[in-house]
Amino acid sequence: MEHAAHVWYHERVDGLEAKGWTRTSVFMRRLVIDAQAVVIYMAVCVLIFMIDLFTQGTAERLASPPYRYFYAKSPRSWLNLVAHVVAHKDWAHLKTNMINLLLVGPAAEREFGTQQVAIVGVVVAVASALAHMAFGHSHSGQLGGSGVVSALILLNSLGAASSGRVPLTFLLTAVFWLSDEIQSILTRDGVSHAAHLAGALVGTAAGYAIHAGRGRAKRDPNRRVSDPFGRTRSAKKLR
């Protein structure tokens, strides 16, 4: 089944071709949206950044608040538990996260699926916001997609994992990544490393949970099972 974004894109190309833009449509047909969740997330991040350039403060208003500024009766406080991952402090912050996202995101999405990666992103957003409340600076908010990228880095390295087995590349990734995070924490560089660690934990747990679900599906493809995120479906669809 083609991705919805891919179908939408080619419908727009058909429209250009109908208007006589033949060369443009031929070129555009060569472009393939190969990672729908990654592309949509990246587009939203860039859009929010552009809006923030013209309306100063947009990114800050989307930041996940520290615990002392979280108000249970405020819809904005709850919204920002997720929305903070699409806002970035400056161009360097956005560019670094988007480059890392493009390096690992498409491969993770091809291996684990668009829907699973999207759900992992939402879970990471909430988990990293809660981690910031528990361990982050008590007077500063958190924003940026670093937690999502961290989750995808670890999730991507688990592409060849299976129940009871640990890929060597996953261990190497975890060792080098954790050593850098620990060193950064000790230097107190002002970055919310709790968000990075939360993302890594969610990505690792999701990778093994998805593989476990696939293992059950292969053993009994006719029974209905719950996928790693609690939804019940035919085991054939989890393979």
# chains A, B, ... in the order shown; residues from 1 in each chain; ligands from 1

$ residues_around --residues "region 115-121 of chain A" --least-positions-apart "5" --cutoff "8 Å" --atoms "only C-alpha atoms" --output "VMD selection string"
chain A and resid 37 108 to 109 148 151 202 to 203 206

$ select_by_dssp --residues "chain A" --states "helix (DSSP H, G or I)" --output "PyMOL selection string"
chain A and resi 4-18+22-29+36-54+58-61+67-69+75-86+91-112+114-135+146-157+168-187+193-219+235-238

$ residues_around --residues "Gly199 (chain A)" --least-positions-apart "4" --cutoff "12 Å" --atoms "only C-alpha atoms" --output "number ranges by chain"
A: 85, 120-132, 145-155, 192-195, 203-206

$ atom_distance --atom1 "CA of Ile51 (chain A)" --atom2 "CA of Arg68 (chain A)"
27.9 Å

$ atom_distance --atom1 "CA of Ala83 (chain A)" --atom2 "CA of Val44 (chain A)"
10.5 Å

$ closest_residue --among "A:Ala35, A:Met28, A:Ala160, A:Met98" --to "His10 (chain A)" --atoms "only C-alpha atoms"
A:Met28

$ residues_around --residues "region 86-96 of chain A" --least-positions-apart "4" --cutoff "7 Å" --atoms "only C-alpha atoms" --output "mmCIF file with N, CA, C and O atoms, in the first residue's frame"
data_model
loop_
_atom_site.group_PDB
_atom_site.id
_atom_site.type_symbol
_atom_site.label_atom_id
_atom_site.label_comp_id
_atom_site.auth_asym_id
_atom_site.auth_seq_id
_atom_site.Cartn_x
_atom_site.Cartn_y
_atom_site.Cartn_z
ATOM 1 N N VAL A 44 7.128 19.775 9.547
ATOM 2 C CA VAL A 44 6.502 20.519 10.651
ATOM 3 C C VAL A 44 7.554 21.298 11.431
ATOM 4 O O VAL A 44 7.350 22.460 11.795
ATOM 5 N N CYS A 45 8.711 20.667 11.682
ATOM 6 C CA CYS A 45 9.795 21.352 12.402
ATOM 7 C C CYS A 45 10.275 22.586 11.651
ATOM 8 O O CYS A 45 10.475 23.654 12.248
ATOM 9 N N ILE A 48 7.535 25.355 11.807
ATOM 10 C CA ILE A 48 7.520 26.040 13.113
ATOM 11 C C ILE A 48 8.712 26.986 13.223
ATOM 12 O O ILE A 48 8.592 28.098 13.745
ATOM 13 N N PHE A 49 9.863 26.561 12.715
ATOM 14 C CA PHE A 49 11.053 27.417 12.761
ATOM 15 C C PHE A 49 10.836 28.681 11.933
ATOM 16 O O PHE A 49 11.208 29.789 12.359
ATOM 17 N N ALA A 59 8.523 29.333 19.330
ATOM 18 C CA ALA A 59 9.219 28.139 19.812
ATOM 19 C C ALA A 59 9.175 28.052 21.334
ATOM 20 O O ALA A 59 8.933 26.978 21.901
ATOM 21 N N LEU A 62 6.027 26.724 22.787
ATOM 22 C CA LEU A 62 5.817 25.283 22.598
ATOM 23 C C LEU A 62 6.710 24.439 23.499
ATOM 24 O O LEU A 62 6.588 23.211 23.514
ATOM 25 N N ASN A 100 20.712 14.479 11.569
ATOM 26 C CA ASN A 100 20.741 13.187 12.252
ATOM 27 C C ASN A 100 19.462 12.392 12.001
ATOM 28 O O ASN A 100 19.493 11.162 11.859
ATOM 29 N N LEU A 143 12.877 22.106 24.589
ATOM 30 C CA LEU A 143 12.336 22.030 23.238
ATOM 31 C C LEU A 143 13.356 21.389 22.306
ATOM 32 O O LEU A 143 14.544 21.320 22.611
ATOM 33 N N GLY A 144 12.873 20.882 21.181
ATOM 34 C CA GLY A 144 13.752 20.254 20.201
ATOM 35 C C GLY A 144 13.478 18.770 20.022
ATOM 36 O O GLY A 144 12.886 18.122 20.877
ATOM 37 N N GLY A 145 13.934 18.246 18.889
ATOM 38 C CA GLY A 145 13.695 16.845 18.550
ATOM 39 C C GLY A 145 14.828 15.909 18.898
ATOM 40 O O GLY A 145 14.899 14.805 18.362
#

$ closest_residue --among "A:Phe112, A:Val166, A:Ser138, A:Leu171" --to "Arg214 (chain A)" --atoms "only C-alpha atoms"
A:Phe112

$ atom_distance --atom1 "CA of Thr58 (chain A)" --atom2 "CA of His196 (chain A)"
22.8 Å

$ decode --residues "region 132-145 of chain A" --atoms "all heavy atoms" --output "PDB file, in the first residue's frame"
ATOM      1  N   HIS A 132      12.426  15.583  31.747  1.00  0.00           N
ATOM      2  CA  HIS A 132      12.901  16.948  31.997  1.00  0.00           C
ATOM      3  C   HIS A 132      12.298  17.499  33.281  1.00  0.00           C
ATOM      4  O   HIS A 132      12.981  18.181  34.054  1.00  0.00           O
ATOM      5  CB  HIS A 132      12.546  17.849  30.820  1.00  0.00           C
ATOM      6  CG  HIS A 132      12.929  19.280  31.018  1.00  0.00           C
ATOM      7  ND1 HIS A 132      14.247  19.703  31.044  1.00  0.00           N
ATOM      8  CD2 HIS A 132      12.171  20.396  31.231  1.00  0.00           C
ATOM      9  CE1 HIS A 132      14.287  21.007  31.245  1.00  0.00           C
ATOM     10  NE2 HIS A 132      13.041  21.446  31.368  1.00  0.00           N
ATOM     11  N   MET A 133      11.021  17.229  33.506  1.00  0.00           N
ATOM     12  CA  MET A 133      10.385  17.680  34.737  1.00  0.00           C
ATOM     13  C   MET A 133      11.046  17.071  35.971  1.00  0.00           C
ATOM     14  O   MET A 133      11.210  17.730  37.000  1.00  0.00           O
ATOM     15  CB  MET A 133       8.900  17.302  34.731  1.00  0.00           C
ATOM     16  CG  MET A 133       8.056  18.094  33.770  1.00  0.00           C
ATOM     17  SD  MET A 133       6.310  17.634  33.913  1.00  0.00           S
ATOM     18  CE  MET A 133       5.627  18.528  32.533  1.00  0.00           C
ATOM     19  N   ALA A 134      11.451  15.801  35.839  1.00  0.00           N
ATOM     20  CA  ALA A 134      12.019  15.096  36.986  1.00  0.00           C
ATOM     21  C   ALA A 134      13.494  15.434  37.215  1.00  0.00           C
ATOM     22  O   ALA A 134      13.940  15.554  38.362  1.00  0.00           O
ATOM     23  CB  ALA A 134      11.856  13.589  36.800  1.00  0.00           C
ATOM     24  N   PHE A 135      14.240  15.593  36.111  1.00  0.00           N
ATOM     25  CA  PHE A 135      15.697  15.724  36.253  1.00  0.00           C
ATOM     26  C   PHE A 135      16.285  16.994  35.637  1.00  0.00           C
ATOM     27  O   PHE A 135      17.459  17.291  35.847  1.00  0.00           O
ATOM     28  CB  PHE A 135      16.396  14.515  35.618  1.00  0.00           C
ATOM     29  CG  PHE A 135      15.903  13.196  36.134  1.00  0.00           C
ATOM     30  CD1 PHE A 135      15.096  12.384  35.342  1.00  0.00           C
ATOM     31  CD2 PHE A 135      16.224  12.767  37.409  1.00  0.00           C
ATOM     32  CE1 PHE A 135      14.631  11.160  35.818  1.00  0.00           C
ATOM     33  CE2 PHE A 135      15.770  11.556  37.894  1.00  0.00           C
ATOM     34  CZ  PHE A 135      14.963  10.753  37.095  1.00  0.00           C
ATOM     35  N   GLY A 136      15.485  17.734  34.868  1.00  0.00           N
ATOM     36  CA  GLY A 136      16.004  18.921  34.194  1.00  0.00           C
ATOM     37  C   GLY A 136      16.060  20.130  35.098  1.00  0.00           C
ATOM     38  O   GLY A 136      15.694  20.082  36.274  1.00  0.00           O
ATOM     39  N   HIS A 137      16.520  21.233  34.517  1.00  0.00           N
ATOM     40  CA  HIS A 137      16.622  22.487  35.263  1.00  0.00           C
ATOM     41  C   HIS A 137      15.233  22.954  35.663  1.00  0.00           C
ATOM     42  O   HIS A 137      14.296  22.947  34.856  1.00  0.00           O
ATOM     43  CB  HIS A 137      17.312  23.545  34.402  1.00  0.00           C
ATOM     44  CG  HIS A 137      17.813  24.713  35.186  1.00  0.00           C
ATOM     45  ND1 HIS A 137      16.968  25.686  35.678  1.00  0.00           N
ATOM     46  CD2 HIS A 137      19.067  25.057  35.590  1.00  0.00           C
ATOM     47  CE1 HIS A 137      17.675  26.595  36.334  1.00  0.00           C
ATOM     48  NE2 HIS A 137      18.953  26.238  36.290  1.00  0.00           N
ATOM     49  N   SER A 138      15.084  23.384  36.889  1.00  0.00           N
ATOM     50  CA  SER A 138      13.765  23.721  37.422  1.00  0.00           C
ATOM     51  C   SER A 138      13.224  25.052  36.926  1.00  0.00           C
ATOM     52  O   SER A 138      12.078  25.398  37.208  1.00  0.00           O
ATOM     53  CB  SER A 138      13.811  23.745  38.958  1.00  0.00           C
ATOM     54  OG  SER A 138      14.751  24.711  39.424  1.00  0.00           O
ATOM     55  N   HIS A 139      14.048  25.831  36.201  1.00  0.00           N
ATOM     56  CA  HIS A 139      13.582  27.145  35.738  1.00  0.00           C
ATOM     57  C   HIS A 139      13.613  27.287  34.222  1.00  0.00           C
ATOM     58  O   HIS A 139      13.403  28.388  33.712  1.00  0.00           O
ATOM     59  CB  HIS A 139      14.430  28.252  36.356  1.00  0.00           C
ATOM     60  CG  HIS A 139      14.249  28.391  37.840  1.00  0.00           C
ATOM     61  ND1 HIS A 139      13.145  29.005  38.404  1.00  0.00           N
ATOM     62  CD2 HIS A 139      15.012  27.961  38.884  1.00  0.00           C
ATOM     63  CE1 HIS A 139      13.243  28.968  39.718  1.00  0.00           C
ATOM     64  NE2 HIS A 139      14.371  28.345  40.040  1.00  0.00           N
ATOM     65  N   SER A 140      13.893  26.228  33.497  1.00  0.00           N
ATOM     66  CA  SER A 140      13.974  26.333  32.037  1.00  0.00           C
ATOM     67  C   SER A 140      13.133  25.245  31.380  1.00  0.00           C
ATOM     68  O   SER A 140      13.004  24.137  31.893  1.00  0.00           O
ATOM     69  CB  SER A 140      15.427  26.211  31.567  1.00  0.00           C
ATOM     70  OG  SER A 140      15.962  24.947  31.905  1.00  0.00           O
ATOM     71  N   GLY A 141      12.542  25.612  30.227  1.00  0.00           N
ATOM     72  CA  GLY A 141      11.757  24.654  29.475  1.00  0.00           C
ATOM     73  C   GLY A 141      12.638  23.820  28.562  1.00  0.00           C
ATOM     74  O   GLY A 141      13.847  24.027  28.465  1.00  0.00           O
ATOM     75  N   GLN A 142      12.012  22.870  27.903  1.00  0.00           N
ATOM     76  CA  GLN A 142      12.737  21.978  26.987  1.00  0.00           C
ATOM     77  C   GLN A 142      12.078  22.012  25.622  1.00  0.00           C
ATOM     78  O   GLN A 142      10.849  21.969  25.516  1.00  0.00           O
ATOM     79  CB  GLN A 142      12.711  20.548  27.527  1.00  0.00           C
ATOM     80  CG  GLN A 142      13.244  19.516  26.533  1.00  0.00           C
ATOM     81  CD  GLN A 142      13.048  18.104  27.037  1.00  0.00           C
ATOM     82  OE1 GLN A 142      13.853  17.628  27.811  1.00  0.00           O
ATOM     83  NE2 GLN A 142      11.985  17.438  26.621  1.00  0.00           N
ATOM     84  N   LEU A 143      12.877  22.106  24.589  1.00  0.00           N
ATOM     85  CA  LEU A 143      12.336  22.030  23.238  1.00  0.00           C
ATOM     86  C   LEU A 143      13.356  21.389  22.306  1.00  0.00           C
ATOM     87  O   LEU A 143      14.544  21.320  22.611  1.00  0.00           O
ATOM     88  CB  LEU A 143      11.933  23.416  22.732  1.00  0.00           C
ATOM     89  CG  LEU A 143      12.928  24.592  22.825  1.00  0.00           C
ATOM     90  CD1 LEU A 143      13.966  24.542  21.728  1.00  0.00           C
ATOM     91  CD2 LEU A 143      12.171  25.911  22.762  1.00  0.00           C
ATOM     92  N   GLY A 144      12.873  20.882  21.181  1.00  0.00           N
ATOM     93  CA  GLY A 144      13.752  20.254  20.201  1.00  0.00           C
ATOM     94  C   GLY A 144      13.478  18.770  20.022  1.00  0.00           C
ATOM     95  O   GLY A 144      12.886  18.122  20.877  1.00  0.00           O
ATOM     96  N   GLY A 145      13.934  18.246  18.889  1.00  0.00           N
ATOM     97  CA  GLY A 145      13.695  16.845  18.550  1.00  0.00           C
ATOM     98  C   GLY A 145      14.828  15.909  18.898  1.00  0.00           C
ATOM     99  O   GLY A 145      14.899  14.805  18.362  1.00  0.00           O
TER     100      GLY A 145
END
